[in-house]
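Please read the structure below before turning to the comments.
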Amino acid sequence: MKKYFFLSFFLVFFFSCRPQKDTKSPVDYVNPFIGTDFFAHMFPGPTLPFGMVQLSPDTDIRGWTYCAGYQYADNSIMGFSHTHYSGVGMAAAGDILIMPTVSQKLQVTPGPKEYPGKGYRSGFDHRDEEASPGYYSVLLKDYEVKAELTASRRVGMHKYTFPNTNDAHILIDLGHNIGKRPEGKSHLEFADNHTIQGYKVSQEAIVYFVAEFSRPFDAYGTWDAGYVTPESGASVFPWKSAESGRNIGAFVNYRTREGEVILVKVGLSYVSVDGARKNLETEIPDWNFMAVRRKAYDTWNNELKKVSVKTNDVGEKQVFYTALYHAILAQRIFNDVDGKYMGMDGKVHVAEDYDFFPSFFCWDTYRTEHPLMTLVEPEHVNDMIRSIVDKTSHYGWLPAQHHRNRYGQGMAGDHLFPIIVDAYMKGFRDWDVKFLYDAMWKKATQMPPAPLPPENGRSGLKEYETLGYVPVDKRQESVSNTLELAYDDWCLAQMARALGKKNDYREMIKRAHNYKNLFDPRVCFMRPRLTDGSWLPACKGQPAGIVRKGGHSWYDCFDPLLVGRRPNRYFTESNAWQYVWSVQQDIPGLIELFGSKEKFIAKLDTFFTMSPEVSGPKYVGVVGTIGQYVQGNQPSHHVAYLYDYAGQPWKTQKWIREVMKLYRNNPGGICGNEDMGSLSSWFVFSAMGFYPVTPGSNVYLIGSPLLEEVTLKKNPPYRNKDFTIIAHNVSDRNKYIRSATLNGQPLNRIWLTQEDIVKGGILVFEMAALPDTSRGGDLPEIPREVIVNK
């Protein structure tokens with residue numbers, strides 16, 4: 001017996017000490033609650049990669065904090081709406097809300113959070129809440145109803161498990177939306193005894209829907225919360241089969257047994273009710289909730305396993321795969337299953353054999369999210385650019401930042417340019433190149449023709465062309481606009497050169513150096529200038545005043561720490577410390593303006609170590625700070641990589657690792673607006689060990705890999721072999737690169753090219769706890785022609 005005891009003990013000890021094989025799939029590491037606290041503005045509910053539907057709970061809908069409708073700190077839910085933006089600083093969407101309730105008295109308004117019993121909202125507890133890619137569930141405590149959600153690309157599916165009651169209700173509220181309720185009347189109607197259909201007038205779009213229920217209604221009716229009948233003193237209309245108005249809804253009643261399940265399928269379309277019905281019938285033709293959930297799980301896993309990760313740190317793996325998940329779900333399609341979509345001209349068009357993408361938050365996404373798509377989702381890149389071709393063709397002019405396929409010229413610069421050029425330079429050319437090049441050239445050199453309004457053109461274009469900069473006394477955010485347009489012009493120059501348009505190239509490359517016209521060498525900042533060429537005077541420690549002239553206003557003095565507020569500010573969501581580095585197209589030229597690499601490095605050193613405070617008024621976007629570096633906003637994202645250009649790559653490695661510490665595996669784990677995948681894409685790139693400082697070129701700067709091994713899986717025809725990054729001895733302490741090899745050969749440079757990655761291979765880093773400061777001087781400088789053509 002003693003012999004058997006020791007043998008059993010040995011076997012148990014042996015197998016418990018053996019490394020356990022990781023049996024989880026990539027999708028199992030995603031935590032959709034990351035970014036749902038504070039104001040990353042993420043939603044936890046189900047969607048599919050590039051899905052039209054984003055079905056998620058809303059806890060509140062008013063105010064900037066609720067741009068995604070959900071805050072982890074809340075404890076009550078209004079219901080589940082079908083459209084949400086991913087991490088934007090804009091309160092919008094939240095269309096077609098559905099809410100199950102149990103109450104003797106029918107409630108048709110959500111009621112305040114402070115007194116949820118006064119409306120249809122319900123309390124909940126995070127212990128009863130679950131989220132994973134393609135699935136969400138929560139117990140609605142006030143009603144003892146378990147709500148479960150899943151989705152296909154264009155259809156949301158609800159599963160409600162009711163208690164034993166005579167008073168079960170399911171509500172559809174078309175008056176619900178995130179942000180300001182738009183003008184215009186929505187409409188719904190009962191098509192039969194288990195179907196409700198109609199449309200919602202939403203921000204910048206009409207959202208059509210068809211909602212099918214798995215069980216016929218016991219009773220039904222409508223409401224108009226904006227109208228109270230004098231006879232009843234209420235706004236409810238029992239047994240009424242249609243309703244129109246701004247704040248309308250419908251209810252259906254049931255008598256349910258304990259544990260009875262009622263399913264609801266909601267198909268969406270931006271074209272018509274018929275389109276919504278066709279989407280529903282095609283994508284979820286039956287009532288198998290588990291099959292839809294499983295398909296969503298498999299779909300996400302197939303996308304996420306395009307990148308495989310090896311690390312012993314489970315938390316890091318969760319943060320990485322959640323970041324990749326967020327990067328992919330940011331983009332969404334607009335076309336129905338038959339290809340129909342609503343064009344920018346207000347007419348219905350058909351996308352033949354491709355998906356149409358309606359929204360480009362390009363000031364945010366050109367830096368990281370779109371370059372990442374060329375590596376992890378290359379099969380969708382041409383569709384995105386073809387969508388831009390269609391928009392431009394239908395509207396008659398190239399848009400800039402916009403959403404839901406309505407023309408927009410939002411944010412500084414003109415950043416569809418780098419998205420288009422980056423795709424073209426990386427070989428994605430299955431679209432009308434000549435048409436889009438001509439459209440970009442017109443946008444860069446002309447104002448829009450009548451009847452298009454002048455504001456559809458580049459802000460300050462006339463002054464930018466004649467003075468070489470946008471003056472502060474003419475346009476808001478004048479410094480940022482000058483720097484951003486100079487970069488956009490550089491992008492256009494790269495495409496002109498590739499197309500053999502030498503004269504166009506020379507003109508645009510000259511304009512790409514307009515950034516120099518705002519650099520003041522006395523203070524080494526980009527500084528606002530007036531129309532007469534003089535610098536905006538310094539504030540000298542005094543608070544900035546406001547000048548108002550001819551409908552335009554601006555701060556009357558220059559303070560390098562001032563972010564300020566629209567419409568007076570001269571930088572976009574940043575200050576002079578954060579924007580002086582925004583010359584991605586010509587970092588060598590920027591270093592020359594500082595006078596030497598040593599002065600450039602000294603400025604960078606101060607930037608990362610000084611106080612994070614800014615001059616008043618305080619700005620909400622200054623978060624995720626390391627000195628004046630702000631990870632919570634896009635203009636800082638490339639700055640830590642600039643040490644590579646100045647010959648001190650170990651400082652890039654140091655600060656990149658510090659920034660990555662701001663990403664955590666908890667609801668507050670994203671340090672600012674996610675902005676349609678931009679912050680998450682930054683992390684994916686940086687954790688792999690390289691970063692696209694200059695979209696529009698094919699170059700990635702090397703940073704500090706976080707993970708032991710990452711493989712970009714082959715994806716023919718875009719990548720015919722795996723590309724693997726291995727970091728030997730990597731750890732929190734071992735963040736410095738001592739040496740590197742690419743496909744077995746020494747890599748004595750601090751950049752990679754798109755070709756290096758696409759052709760596949762193995763990149764190996766040897767990591768150490770201490771930097772080899774002698775190695776920086778031995779590395780060859782980044783050739784200027786790699787990044788910029790002077």
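Simple scheme: letters A, B, ... for chains in structure tokens order, numbers from 1 for residues in each chain, numbers from 1 for ligands in the order shown.
Excluding Pro667 of chain A itself and any same-chain residue fewer than 3 positions from it, the protein and nucleic acid residues within 9 Å of it, counting only C-alpha atoms, are Asn31, Pro32, Phe33, Ile34, Gly35, Thr36, Asp37, Phe38, Tyr72, Arg664 and Ile670 of chain A.
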Mind checking DSSP for segment 157-343 of chain A and telling me the helix (DSSP H, G or I) residues as JSON, numbers by chain? {"A": [273, 274, 275, 276, 277, 278, 279, 280, 281, 282, 283, 289, 290, 291, 292, 293, 294, 295, 296, 297, 298, 299, 300, 301, 302, 303, 304, 314, 315, 316, 317, 318, 319, 320, 321, 322, 323, 324, 325, 326, 327, 328, 329]}
7 Å contact set for segment 441-445 of chain A, only C-alpha atoms, chain neighbours under 3 positions out, as a PyMOL selection string: chain A and resi 398+437-438+457
Selection file, all heavy atoms, as a short mmCIF file (atom, residue, chain, number, x, y, z; two decimals), in the first residue's frame:
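Contents of out_19.cif, as written:
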```cif
data_model
loop_
_atom_site.label_atom_id
_atom_site.label_comp_id
_atom_site.auth_asym_id
_atom_site.auth_seq_id
_atom_site.Cartn_x
_atom_site.Cartn_y
_atom_site.Cartn_z
N LEU A 398 -14.72 64.93 -52.76
CA LEU A 398 -14.13 64.01 -51.79
C LEU A 398 -14.43 64.46 -50.37
O LEU A 398 -14.13 65.60 -50.00
CB LEU A 398 -12.62 63.94 -52.00
CG LEU A 398 -11.83 63.00 -51.07
CD1 LEU A 398 -12.11 61.56 -51.43
CD2 LEU A 398 -10.34 63.30 -51.15
N TYR A 437 -7.38 59.76 -57.52
CA TYR A 437 -6.25 60.69 -57.54
C TYR A 437 -6.72 62.07 -58.01
O TYR A 437 -6.37 63.10 -57.40
CB TYR A 437 -5.13 60.19 -58.46
CG TYR A 437 -3.99 61.19 -58.55
CD1 TYR A 437 -3.00 61.21 -57.57
CD2 TYR A 437 -3.95 62.13 -59.57
CE1 TYR A 437 -1.97 62.15 -57.62
CE2 TYR A 437 -2.94 63.08 -59.62
CZ TYR A 437 -1.96 63.09 -58.66
OH TYR A 437 -0.95 64.03 -58.69
N ASP A 438 -7.49 62.12 -59.07
CA ASP A 438 -7.99 63.40 -59.58
C ASP A 438 -8.84 64.10 -58.53
O ASP A 438 -8.78 65.34 -58.38
CB ASP A 438 -8.80 63.19 -60.85
CG ASP A 438 -7.94 62.77 -62.04
OD1 ASP A 438 -6.70 62.93 -61.96
OD2 ASP A 438 -8.51 62.27 -63.04
N GLY A 457 -14.90 72.49 -48.61
CA GLY A 457 -13.50 72.49 -49.02
C GLY A 457 -12.58 72.51 -47.82
O GLY A 457 -13.00 72.54 -46.66
#
```
I need the strand (DSSP E) residues of segment 94-316 of chain A per DSSP on the backbone, written as a ChimeraX atom specification. /A:97-102,122-123,129-132,135-140,145-151,155-162,165-173,186-192,195-202,205-213,219-224,236-238,242-245,248-256,260-269,307-310
Grab the atom CA of Leu263 of chain A to atom CA of Ile61 of chain A distance for me, in Å with one decimal place.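 The value is 25.4 Å.
Using only C-alpha atoms, the protein and nucleic acid residues lying no more than 8 Å from Gly408 of chain A, apart from those fewer than 5 places from it along its own chain, are Pro399, Ala400, Gln401, His402, His403 and Asn456 of chain A.
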Please produce a file of those selected residues containing C-alpha atoms, as a short mmCIF file (atom, residue, chain, number, x, y, z; two decimals), in the first residue's frame.
```
data_model
loop_
_atom_site.label_atom_id
_atom_site.label_comp_id
_atom_site.auth_asym_id
_atom_site.auth_seq_id
_atom_site.Cartn_x
_atom_site.Cartn_y
_atom_site.Cartn_z
CA PRO A 399 -15.29 64.01 -48.15
CA ALA A 400 -13.10 64.11 -45.07
CA GLN A 401 -14.17 62.90 -41.60
CA HIS A 402 -17.78 61.71 -41.77
CA HIS A 403 -20.17 59.05 -40.58
CA ASN A 456 -16.99 71.45 -47.95
#
```
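When the distance limit is 10 Å and only C-alpha atoms are what count, the residues near Ser359 of chain A, minus those fewer than 3 positions from it on the same chain, are Ala330, Gln331, Arg332, Ile333, Phe334, Phe356, Cys362, Met384, Ser387, Ile388, Gln401, His402, His403, Arg404, Asn405, Arg406, Tyr407, Gly408 and Met676 of chain A.
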May I have the residues from that selection written out with C-alpha atoms, as a compact mmCIF listing (two decimals), in the first residue's frame?
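The result, written out as part_1.txt:
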```
# COMPACT_ATOMS: atom_id res chain seq x y z
CA ALA A 330 -14.61 49.67 -35.18
CA GLN A 331 -15.38 49.53 -38.89
CA ARG A 332 -18.89 48.58 -39.99
CA ILE A 333 -20.71 47.98 -43.24
CA PHE A 334 -23.73 49.84 -44.62
CA PHE A 356 -19.71 49.44 -48.52
CA CYS A 362 -10.07 59.53 -40.33
CA MET A 384 -12.94 50.57 -47.89
CA SER A 387 -16.42 52.96 -50.73
CA ILE A 388 -14.53 56.27 -50.85
CA GLN A 401 -14.17 62.90 -41.60
CA HIS A 402 -17.78 61.71 -41.77
CA HIS A 403 -20.17 59.05 -40.58
CA ARG A 404 -23.27 57.21 -41.80
CA ASN A 405 -22.38 58.20 -45.35
CA ARG A 406 -23.31 61.86 -44.90
CA TYR A 407 -20.78 64.33 -46.26
CA GLY A 408 -18.43 65.63 -43.59
CA MET A 676 -12.91 53.80 -33.62
```
Need the shell around segment 73-90 of chain A: protein/DNA/RNA residues with any atom at most 8 Å away, counting only C-alpha atoms. Skip same-chain ones fewer than 2 positions apart. Format as number ranges by chain? A: 37, 39-43, 52-60, 64, 67-71, 92-100, 110, 113, 116, 120-125, 140, 156, 326, 329-330, 673-677
Within 8 Å of Ala646 of chain A, counting only C-alpha atoms, which residues show up once you throw out same-chain ones fewer than 5 positions away? Write them as JSON, numbers by chain, please. {"A": [591, 597, 600, 601]}
Find the residue from A:Leu483, A:Ala640, A:Val620, A:Ile206 that sits nearest to Val580 of chain A; use only C-alpha atoms when measuring.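 For Val580 of chain A, the nearest of the candidates is A:Leu483.
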Find, counting only C-alpha atoms, the residue in A:Pro588, A:Gly198, A:Gly249, A:Pro378 that gets nearest to Thr109 of chain A. A:Gly249
Using only C-alpha atoms, can you tell me which of A:Ala219, A:Leu518, A:Val261, A:Ala91 comes closest to Pro182 of chain A?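 Of A:Ala219, A:Leu518, A:Val261, A:Ala91, the one nearest Pro182 of chain A, counting only C-alpha atoms, is A:Ala91.
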